[in-house]
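Colleague: To be precise about what I am sending: the file is called upload_35.cif and holds mmCIF, C-alpha atoms.
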```cif
data_upload
loop_
_atom_site.label_atom_id
_atom_site.label_comp_id
_atom_site.auth_asym_id
_atom_site.auth_seq_id
_atom_site.Cartn_x
_atom_site.Cartn_y
_atom_site.Cartn_z
CA MET A 1 19.61 17.97 32.23
CA THR A 2 16.40 19.99 32.80
CA TYR A 3 15.61 19.70 29.07
CA LEU A 4 15.92 15.91 29.34
CA TYR A 5 13.48 15.81 32.28
CA VAL A 6 11.03 17.99 30.33
CA TYR A 7 11.44 15.74 27.26
CA PHE A 8 10.72 12.55 29.22
CA GLY A 9 7.93 14.34 31.14
CA VAL A 10 6.19 15.14 27.86
CA GLY A 11 6.84 11.53 26.83
CA LEU A 12 5.00 10.31 29.94
CA ILE A 13 2.06 12.63 29.20
CA VAL A 14 1.92 11.30 25.60
CA LEU A 15 2.08 7.72 26.92
CA THR A 16 -0.78 8.36 29.38
CA THR A 17 -2.87 9.96 26.61
CA VAL A 18 -2.19 7.07 24.21
CA PHE A 19 -3.04 4.50 26.91
CA ALA A 20 -6.28 6.30 27.91
CA HIS A 21 -7.31 6.61 24.25
CA HIS A 22 -6.60 2.90 23.68
CA ARG A 23 -8.73 1.91 26.72
CA TRP A 24 -11.53 4.23 25.61
CA ILE A 25 -11.56 2.68 22.09
CA LEU A 26 -11.62 -0.84 23.58
CA ASN A 27 -14.58 0.00 25.87
CA LYS A 28 -16.45 1.80 23.09
CA ASP A 29 -16.06 -0.96 20.50
CA SER A 30 -18.33 -3.80 21.56
CA ASN A 31 -17.11 -5.88 18.59
CA SER A 32 -13.55 -6.03 19.92
CA LYS A 33 -14.42 -8.90 22.29
CA SER A 34 -15.89 -11.07 19.55
CA PHE A 35 -13.00 -10.11 17.26
CA SER A 36 -10.63 -11.25 19.99
CA GLU A 37 -12.56 -14.55 20.17
CA ILE A 38 -12.15 -15.03 16.40
CA LEU A 39 -8.41 -14.36 16.73
CA ASP A 40 -8.26 -16.93 19.55
CA ALA A 41 -10.05 -19.45 17.31
CA THR A 42 -7.79 -18.84 14.31
CA ASN A 43 -4.58 -18.93 16.36
CA PRO A 44 -4.69 -21.41 19.28
CA ASP A 45 -1.20 -20.22 20.36
CA ARG A 46 -2.90 -17.09 21.74
CA ASN A 47 -4.09 -19.15 24.71
CA LYS A 48 -0.58 -20.32 25.65
CA LEU A 49 0.98 -18.78 28.78
CA SER A 50 4.12 -17.74 26.87
CA TYR A 51 1.99 -15.88 24.30
CA LYS A 52 -0.04 -14.18 27.04
CA ILE A 53 3.13 -13.03 28.85
CA LEU A 54 4.56 -11.66 25.59
CA ASN A 55 1.29 -10.08 24.47
CA ASN A 56 0.06 -8.70 27.80
CA TYR A 57 3.28 -7.69 29.58
CA VAL A 58 6.49 -7.74 27.50
CA ALA A 59 5.16 -6.03 24.36
CA PRO A 60 3.27 -3.24 26.26
CA THR A 61 6.33 -2.57 28.46
CA ILE A 62 8.67 -2.27 25.45
CA GLY A 63 6.06 -0.16 23.66
CA SER A 64 5.69 2.18 26.65
CA ILE A 65 9.47 2.68 26.93
CA LEU A 66 9.68 3.42 23.19
CA VAL A 67 6.82 5.95 23.43
CA VAL A 68 8.53 7.81 26.30
CA ILE A 69 11.88 7.84 24.44
CA ALA A 70 10.61 8.59 20.92
CA TRP A 71 7.33 10.39 21.68
CA PRO A 72 7.56 12.97 18.83
CA ILE A 73 6.91 10.10 16.41
CA VAL A 74 3.53 9.39 18.08
CA PRO A 75 1.66 12.54 16.91
CA ILE A 76 3.09 12.07 13.40
CA MET A 77 1.81 8.47 13.35
CA LYS A 78 -1.57 9.55 14.74
CA TYR A 79 -1.84 12.23 12.05
CA LYS A 80 -1.00 9.65 9.33
CA ASP A 81 -3.58 7.29 10.85
CA PHE A 82 -6.19 10.08 10.83
CA ARG A 83 -5.46 10.84 7.16
CA GLU A 84 -5.72 7.14 6.22
CA LYS A 85 -9.10 6.89 7.97
CA LYS A 86 -10.37 9.98 6.13
CA LYS A 87 -9.14 8.51 2.82
CA LEU A 88 -10.95 5.24 3.56
CA GLU A 89 -14.15 7.12 4.46
CA ARG A 90 -13.93 9.06 1.17
CA ARG A 91 -13.40 5.80 -0.75
CA ARG A 92 -16.43 4.24 0.95
CA GLU A 93 -18.52 7.31 0.19
CA ASN A 94 -17.45 7.27 -3.48
CA SER A 95 -18.17 3.54 -3.79
CA ILE A 96 -21.85 3.80 -2.80
CA PHE A 97 -23.85 2.59 -5.79
CA ARG A 98 -25.56 5.50 -7.55
CA ILE A 99 -27.27 5.75 -10.90
CA LYS A 100 -26.55 8.88 -12.91
CA ASP A 101 -28.67 10.48 -15.67
CA LEU A 102 -26.16 9.25 -18.26
CA ASP A 103 -26.77 5.63 -17.21
CA LEU A 104 -30.47 5.77 -18.07
CA LEU A 105 -31.48 4.04 -21.30
CA ASN A 106 -35.19 3.82 -22.21
CA VAL A 107 -38.55 4.49 -20.61
CA MET A 108 -40.44 1.20 -20.45
CA THR A 109 -43.93 0.20 -19.44
CA LEU A 110 -44.33 -2.52 -16.82
CA GLN A 111 -45.80 -4.79 -19.49
CA GLN A 112 -42.74 -4.27 -21.70
CA VAL A 113 -40.38 -5.02 -18.82
CA GLU A 114 -42.25 -8.10 -17.66
CA SER A 115 -42.54 -9.65 -21.12
CA LYS A 116 -38.84 -8.98 -21.79
CA GLU A 117 -37.71 -10.54 -18.53
CA ILE A 118 -39.51 -13.89 -18.65
CA ILE A 119 -36.97 -16.66 -18.12
CA ILE A 120 -37.56 -20.08 -19.61
CA ASP A 121 -35.75 -23.25 -18.63
CA PRO A 122 -36.32 -26.60 -20.39
CA LEU A 123 -35.97 -28.44 -17.07
CA GLY A 124 -38.44 -26.13 -15.32
CA ALA A 125 -35.87 -25.04 -12.75
CA VAL A 126 -37.06 -21.44 -12.70
CA PRO A 127 -40.46 -19.85 -12.03
CA LYS A 128 -42.31 -18.90 -15.22
CA THR A 129 -42.63 -15.35 -13.95
CA PRO A 130 -40.77 -12.14 -14.83
CA PHE A 131 -37.19 -12.19 -13.50
CA GLY A 132 -37.40 -15.88 -12.55
CA HIS A 133 -35.91 -16.41 -9.10
CA PHE A 134 -35.80 -12.61 -8.59
CA HIS A 135 -39.58 -12.42 -8.94
CA LEU A 136 -40.24 -11.60 -5.27
CA ALA A 137 -37.70 -8.78 -5.34
CA TRP A 138 -39.34 -7.44 -8.52
CA GLU A 139 -42.81 -7.53 -6.92
CA LYS A 140 -41.38 -5.60 -3.93
CA PHE A 141 -39.85 -3.04 -6.33
CA LYS A 142 -43.14 -2.69 -8.22
CA LYS A 143 -44.90 -1.61 -5.02
CA GLU A 144 -42.61 1.45 -4.93
CA ILE A 145 -43.79 2.67 -8.34
CA GLU A 146 -46.27 5.53 -7.96
CA PRO A 147 -48.76 6.43 -10.75
CA ASN A 148 -46.82 9.53 -11.84
CA CYS A 149 -43.49 7.69 -12.07
CA GLU A 150 -41.65 6.22 -15.02
CA VAL A 151 -39.62 3.03 -15.12
CA MET A 152 -36.38 3.13 -17.09
CA ASN A 153 -33.72 0.54 -17.70
CA PHE A 154 -30.11 1.46 -16.89
CA SER A 155 -26.60 0.17 -17.31
CA THR A 156 -23.55 1.55 -15.56
CA ILE A 157 -19.95 0.76 -14.70
CA TRP A 158 -19.53 0.83 -10.92
CA THR A 159 -16.32 0.71 -8.91
CA ASN A 160 -16.84 -0.93 -5.55
CA GLU A 161 -15.03 -0.42 -2.23
CA TRP A 162 -12.30 -2.89 -3.24
CA ASP A 163 -11.66 -1.05 -6.51
CA GLN A 164 -13.30 -3.77 -8.62
CA LYS A 165 -15.14 -2.50 -11.68
CA LYS A 166 -18.52 -4.08 -12.44
CA ILE A 167 -21.16 -3.66 -15.11
CA VAL A 168 -24.44 -3.24 -13.28
CA SER A 169 -27.79 -3.11 -15.02
CA GLY A 170 -31.45 -3.17 -14.08
CA TYR A 171 -34.44 -0.86 -13.73
CA VAL A 172 -34.96 2.40 -11.90
CA ILE A 173 -37.92 4.55 -10.91
CA VAL A 174 -37.78 8.11 -12.26
CA LYS A 175 -40.13 10.75 -10.86
CA SER A 176 -40.18 14.22 -12.45
CA GLY A 177 -36.68 13.63 -13.78
CA LYS A 178 -35.39 12.55 -10.36
CA ILE A 179 -33.77 9.12 -10.05
CA GLY A 180 -35.36 7.01 -7.32
CA LYS A 181 -35.22 3.38 -6.20
CA HIS A 182 -33.48 0.85 -8.40
CA PHE A 183 -33.75 -2.87 -9.06
CA ILE A 184 -30.51 -4.53 -10.08
CA THR A 185 -30.89 -7.55 -12.34
CA LYS A 186 -27.31 -8.12 -13.38
CA SER A 187 -23.86 -7.47 -11.94
CA THR A 188 -20.87 -8.76 -13.86
CA LYS A 189 -17.13 -8.18 -13.77
CA PHE A 190 -16.07 -5.35 -16.09
CA ASP A 191 -13.56 -6.56 -18.63
CA PRO A 192 -12.20 -3.65 -20.73
CA ALA A 193 -10.81 -6.15 -23.29
CA MET B 194 -7.60 -15.20 5.57
CA THR B 195 -7.48 -18.92 4.87
CA ALA B 196 -7.67 -20.75 1.55
CA GLN B 197 -11.37 -21.39 0.92
CA ILE B 198 -13.30 -24.62 0.42
CA THR B 199 -14.56 -24.62 -3.17
CA GLU B 200 -17.97 -25.08 -4.65
CA LYS B 201 -18.54 -28.42 -6.43
CA LEU B 202 -19.30 -28.75 -10.13
CA ILE B 203 -20.49 -31.70 -12.17
CA TYR B 204 -19.47 -31.10 -15.78
CA GLU B 205 -19.48 -33.64 -18.60
CA GLY B 206 -19.95 -36.45 -16.08
CA GLU B 207 -16.94 -35.48 -13.92
CA ARG B 208 -16.87 -33.87 -10.49
CA TYR B 209 -14.69 -30.79 -10.11
CA ALA B 210 -13.71 -28.24 -7.49
CA MET B 211 -15.02 -24.86 -8.64
CA CYS B 212 -13.29 -21.65 -7.55
CA THR B 213 -16.26 -19.36 -8.24
CA ASN B 214 -19.29 -18.59 -6.06
CA PRO B 215 -22.29 -17.90 -8.35
CA LEU B 216 -24.72 -18.02 -5.41
CA ASP B 217 -23.08 -14.94 -3.83
CA VAL B 218 -24.39 -12.85 -6.74
CA TYR B 219 -27.91 -14.17 -6.16
CA LEU B 220 -27.77 -13.54 -2.40
CA SER B 221 -26.63 -9.95 -2.88
CA LEU B 222 -29.19 -9.11 -5.60
CA SER B 223 -32.27 -11.01 -4.42
CA GLU B 224 -32.85 -8.81 -1.31
CA LEU B 225 -34.16 -11.85 0.55
CA GLY B 226 -31.99 -11.05 3.56
CA ILE B 227 -30.66 -14.62 3.73
CA GLU B 228 -27.36 -14.63 5.61
CA PHE B 229 -25.15 -17.63 6.13
CA GLU B 230 -22.96 -18.11 9.18
CA SER B 231 -19.23 -18.61 8.76
CA THR B 232 -18.52 -22.03 10.19
CA SER B 233 -14.81 -22.11 9.53
CA THR B 234 -11.94 -19.87 8.48
CA ALA B 235 -11.95 -21.99 5.29
CA LEU B 236 -15.62 -21.27 4.64
CA TRP B 237 -16.31 -17.60 5.27
CA ARG B 238 -19.32 -17.72 2.90
CA GLY B 239 -20.98 -20.29 5.19
CA TYR B 240 -22.27 -22.71 2.56
CA VAL B 241 -21.15 -25.18 -0.10
CA GLY B 242 -23.15 -25.50 -3.30
CA THR B 243 -23.10 -28.36 -5.78
CA TRP B 244 -23.57 -27.18 -9.36
CA GLU B 245 -24.16 -28.99 -12.61
CA ILE B 246 -23.75 -27.92 -16.20
CA LYS B 247 -26.39 -29.74 -18.17
CA ASP B 248 -27.17 -29.01 -21.82
CA ASP B 249 -24.94 -25.93 -21.54
CA ARG B 250 -26.94 -24.48 -18.64
CA LEU B 251 -25.70 -23.89 -15.10
CA TYR B 252 -27.83 -25.36 -12.33
CA LEU B 253 -27.50 -25.37 -8.56
CA ILE B 254 -28.51 -28.88 -7.52
CA LYS B 255 -27.53 -29.05 -3.85
CA LEU B 256 -26.82 -26.62 -1.04
CA ASN B 257 -25.45 -27.23 2.45
CA GLY B 258 -25.01 -24.43 4.89
CA THR B 259 -25.87 -22.90 8.23
CA LEU B 260 -27.90 -19.71 8.51
CA ASN B 261 -27.10 -16.91 10.94
CA ASP B 262 -29.84 -18.15 13.30
CA GLY B 263 -28.06 -21.53 13.53
CA SER B 264 -30.57 -23.45 11.42
CA GLU B 265 -29.45 -25.62 8.55
CA ALA B 266 -30.15 -24.44 5.02
CA ASP B 267 -30.64 -26.37 1.82
CA LEU B 268 -31.87 -25.56 -1.68
CA GLU B 269 -35.50 -25.31 -0.55
CA THR B 270 -34.56 -22.72 2.11
CA VAL B 271 -33.14 -20.30 -0.44
CA PHE B 272 -35.37 -21.25 -3.38
CA PRO B 273 -38.76 -22.30 -1.99
CA GLY B 274 -40.52 -24.71 -4.34
CA TYR B 275 -37.26 -25.76 -6.01
CA PRO B 276 -35.70 -28.43 -3.78
CA ASN B 277 -33.81 -30.31 -6.51
CA ARG B 278 -32.64 -27.97 -9.24
CA VAL B 279 -32.33 -24.22 -9.71
CA PHE B 280 -31.38 -22.56 -13.00
CA ALA B 281 -28.69 -19.94 -12.29
CA HIS B 282 -30.06 -17.34 -14.72
CA TRP B 283 -28.63 -14.54 -12.56
CA PHE B 284 -25.04 -15.54 -13.16
CA SER B 285 -22.88 -14.08 -15.90
CA GLY B 286 -19.14 -14.42 -15.70
CA GLU B 287 -16.34 -16.92 -15.69
CA VAL B 288 -16.29 -20.15 -13.73
CA ARG B 289 -12.78 -21.34 -12.81
CA ILE B 290 -11.93 -25.01 -12.38
CA PRO B 291 -8.31 -25.58 -11.34
CA GLN B 292 -6.73 -28.78 -12.67
CA GLY B 293 -3.42 -30.61 -12.45
CA LYS B 294 -0.71 -30.24 -9.83
CA ILE B 295 -0.40 -27.25 -7.56
CA LEU B 296 2.19 -24.69 -8.69
CA ASN B 297 1.92 -22.12 -5.93
CA TYR B 298 -0.06 -22.48 -2.70
CA VAL B 299 -1.65 -19.26 -1.43
CA HIS B 300 -3.35 -19.47 1.96
CA MET B 301 -6.04 -16.96 0.97
CA GLY B 302 -9.32 -17.22 -0.91
CA TYR B 303 -8.97 -19.15 -4.16
CA GLY B 304 -5.48 -17.70 -4.64
CA SER B 305 -3.51 -20.92 -5.29
CA THR B 306 -2.27 -21.58 -8.83
CA TYR B 307 -2.55 -24.95 -10.56
CA GLU B 308 -1.10 -26.33 -13.80
CA ARG B 309 -4.30 -25.62 -15.72
CA ASP B 310 -7.52 -23.68 -15.33
CA LEU B 311 -10.64 -24.77 -17.14
CA LEU B 312 -12.50 -21.50 -17.67
CA ILE B 313 -16.18 -21.69 -18.53
CA THR B 314 -17.80 -18.45 -19.62
CA ILE B 315 -21.45 -18.12 -18.72
CA ALA B 316 -23.99 -15.50 -19.80
CA ASP B 317 -27.34 -15.40 -17.97
CA GLY B 318 -26.80 -18.98 -16.79
CA VAL B 319 -25.97 -20.34 -20.25
CA VAL B 320 -22.48 -21.55 -21.25
CA THR B 321 -21.08 -19.51 -24.11
CA ARG B 322 -17.45 -20.66 -24.18
CA SER B 323 -14.98 -22.92 -22.45
CA THR B 324 -11.21 -22.65 -22.64
CA VAL B 325 -8.22 -24.22 -20.94
CA GLN B 326 -5.58 -21.86 -19.64
CA GLU B 327 -2.12 -23.41 -19.16
CA ASN B 328 -0.32 -21.93 -16.15
CA GLY B 329 2.89 -24.00 -16.21
CA VAL B 330 4.21 -27.44 -15.30
CA SER B 331 5.04 -28.48 -11.77
CA ASP B 332 8.64 -29.57 -11.27
CA ASP B 333 7.76 -31.25 -7.98
CA PRO B 334 6.95 -34.95 -8.51
CA ALA B 335 5.40 -35.08 -5.03
CA ALA B 336 3.12 -32.09 -5.64
CA LYS B 337 -0.55 -32.74 -4.95
CA GLU B 338 -2.97 -33.22 -7.83
CA GLY B 339 -6.15 -31.15 -7.62
CA TYR B 340 -7.44 -28.46 -5.29
CA SER B 341 -6.47 -28.60 -1.61
CA ILE B 342 -6.40 -26.49 1.52
CA GLY B 343 -3.42 -26.26 3.88
CA ALA B 344 -5.18 -25.65 7.21
CA MET B 345 -8.37 -24.29 8.72
CA THR B 346 -10.05 -23.56 12.02
CA THR B 347 -13.66 -24.61 12.57
CA PHE B 348 -15.90 -22.46 14.80
CA GLY B 349 -18.02 -24.61 17.13
CA SER B 350 -18.47 -28.37 16.93
CA ASN B 351 -21.97 -28.61 15.45
CA ASN B 352 -21.86 -25.86 12.88
CA ALA B 353 -19.61 -27.18 10.17
CA LYS B 354 -22.42 -28.40 7.93
CA GLY B 355 -20.92 -27.24 4.64
CA ILE B 356 -17.52 -28.74 5.48
CA SER B 357 -18.69 -32.12 6.69
CA GLU B 358 -20.84 -32.57 3.61
#
```
Mind turning the file's structure into structure tokens?
Modeller:
Amino acid sequence: MTYLYVYFGVGLIVLTTVFAHHRWILNKDSNSKSFSEILDATNPDRNKLSYKILNNYVAPTIGSILVVIAWPIVPIMKYKDFREKKKLERRRENSIFRIKDLDLLNVMTLQQVESKEIIIDPLGAVPKTPFGHFHLAWEKFKKEIEPNCEVMNFSTIWTNEWDQKKIVSGYVIVKSGKIGKHFITKSTKFDPA
Amino acid sequence: MTAQITEKLIYEGERYAMCTNPLDVYLSLSELGIEFESTSTALWRGYVGTWEIKDDRLYLIKLNGTLNDGSEADLETVFPGYPNRVFAHWFSGEVRIPQGKILNYVHMGYGSTYERDLLITIADGVVTRSTVQENGVSDDPAAKEGYSIGAMTTFGSNNAKGISE
């Protein structure tokens, strides 16, 4: 019998810890209120009394009883959750767009780039300037080029956060062999076929 | 996620629903910092563009949307000096135009399947190829013809510019 009391006692401690952690996360995350408002907007049933009773009282009570009874599952779930978060963080880190040395193609002068990137439209629906509607972004990029830098074009296959492969190309500033700021001009879906 | 309101395309004199968002590519690459506000669960991108393929070139000819600051946006807002027509030179990829009866409704993105897809391949804003992909034949005589959305929720009463247009 004593073992049972100890078991449920630990269960209560786990429940208190889980509850405190949940409250702490809710208070810390300022977005949770607006997220809750979006959920309310997408599902009007959330404002019904029956839903509120189920969501605010019945479900937490059943959950609490289950935690006290089956508390050893909680740390296992928390550990799995922790591992998933770490995996997601790693995926995000790996998906940050980076240009590697192998992606670099040719050194180009600004004159070469600008004459190559003039876009002409018979209906005049694009500025007659390098990079057309991207001209302002190009001018901003140009301001980053220091006298001792080189401009190179690049093309790379990039896998984004959602595991989609894209062919990304553009121009990059290279200073003493070090890859600096880039200017992307094209991003298209990668089709291996 | 909810099925999304499509872009509009005028192609060979006909108006179509277009399940591709070429302007998204421009907004992400242009570094202008223009951000649209989601006005509905069926319009997370916050705008609806009207496109035209003329002489094998893709143009954006109309834009309705609401910016993050609540102001209304049109073509001139995103492309100053070009209020009527913008050549989409930034876009390379496939434009999908669903046609025929619905085969399978998916309440997410542009996920629904239709009897046919007209696929127009575009390179730097210029049409390079167009093909029709047959996806099957609907066995439901009452099935709807053309693109449709099952349900949506609109945020706020005054901010559904893209939808109302």
Colleague: Once you count all atoms listed in the file, what closest atom pair and distance in Å to one decimal does each residue of chain B within 7 Å of chain A have, with rows by chain and rising residue number, as CSV?
Modeller:
```
residue,atom,partner,partner_atom,distance
B:Leu222,CA,A:Ile184,CA,6.5
B:Ser223,CA,A:Phe134,CA,5.7
B:Glu224,CA,A:Ala137,CA,6.3
B:Tyr275,CA,A:Ala125,CA,6.9
B:Arg278,CA,A:Ala125,CA,5.6
B:Val279,CA,A:Ala125,CA,4.7
B:Phe280,CA,A:Ala125,CA,5.1
B:Trp283,CA,A:Lys186,CA,6.6
B:Ser285,CA,A:Thr188,CA,6.0
B:Gly286,CA,A:Thr188,CA,6.2
B:Thr346,CA,A:Thr42,CA,5.7
```
Colleague: Grab the atom CA of Gln164 of chain A to atom CA of Asp191 of chain A distance for me, in Å with one decimal place.
Modeller: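 Those two atoms sit 10.4 Å apart.
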Colleague: For atom CA of Val6 of chain A and atom CA of Val68 of chain A, determine how far apart the two atoms are, in Å to one decimal place.
Modeller: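 According to the coordinates, atom CA of Val6 of chain A and atom CA of Val68 of chain A are separated by 11.2 Å.
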Colleague: Convert the output of the PyMOL selection byres ((chain B and resi 242-250) around 10) on the shown file into explicit residues, formatted as a PyMOL selection string.
Modeller: (chain A and resi 121-123) or (chain B and resi 199-211+214-216+240-241+251-258+267-268+278-282+315-322+355)
Colleague: So which residues get picked by the PyMOL selection byres ((chain B and resi 237) around 10) here, written as a PyMOL selection string?
Modeller: chain B and resi 194-198+229-236+238-240+302
Colleague: Report, as JSON, the axis-aligned box around all atoms of segment 106-109 of chain A present in the file, extended by 4 Å on each side; give centre and edge lengths in Å to one decimal place.
Modeller:
```
{"center_x": -39.6, "center_y": 2.3, "center_z": -20.8, "size_x": 16.7, "size_y": 12.3, "size_z": 10.8}
```
Colleague: Would you compute the distance between atom CA of Gly304 of chain B and atom CA of Glu228 of chain B? Give it in Å to one decimal.
Modeller: 24.4 Å
Colleague: Excluding Cys212 of chain B and residues on its chain fewer than 5 positions from it, collect all residues at most 8 Å away from it, counting only C-alpha atoms, and give them as a compact mmCIF listing (two decimals) with C-alpha atoms, in the coordinates of the input.
Modeller:
```
# COMPACT_ATOMS: atom_id res chain seq x y z
CA THR B 199 -14.56 -24.62 -3.17
CA GLU B 200 -17.97 -25.08 -4.65
CA VAL B 288 -16.29 -20.15 -13.73
CA ARG B 289 -12.78 -21.34 -12.81
CA ILE B 290 -11.93 -25.01 -12.38
CA PRO B 291 -8.31 -25.58 -11.34
CA TYR B 303 -8.97 -19.15 -4.16
```
Colleague: Residue by residue, what does the PyMOL selection byres ((chain B and resi 327) around 12) grab here? Present the result as a list of chain:residue names.
Modeller: B:Pro291, B:Gln292, B:Gly293, B:Lys294, B:Leu296, B:Thr306, B:Tyr307, B:Glu308, B:Arg309, B:Asp310, B:Leu311, B:Leu312, B:Thr324, B:Val325, B:Gln326, B:Asn328, B:Gly329, B:Val330, B:Ser331
Colleague: Can you tell me, as a ChimeraX atom specification, what residues are no more than 9 Å from Ser95 of chain A when counting all atoms listed in the file, ignoring any on the same chain fewer than 4 positions away?
Modeller: /A:90-91,158-163
Colleague: Name all residues at most 10 Å from segment 141-149 of chain A (count only C-alpha atoms; drop same-chain ones fewer than 2 positions away) and give them as a PyMOL selection string.
Modeller: chain A and resi 110+135-139+151-152+171-178+180-183
Colleague: Name the residues, using the chain letters and numbers of the file, that sit within 9 Å of (2.2, 9.7, 20.9) when counting only C-alpha atoms, and give them as a list in words.
Modeller: Gly11, Ile13, Val14, Leu15, Thr17, Val18, Val67, Val68, Ala70, Trp71, Pro72, Ile73, Val74, Pro75, Ile76, Met77 and Lys78 of chain A
Colleague: From the set A:Ile118, A:Ala59, A:Ile167, A:Met1, which residue has the shortest atom-to-atom contact distance to Phe154 of chain A, counting all atoms listed in the file?
Modeller: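 Distance minimum relative to Phe154 of chain A lands on A:Ile167.
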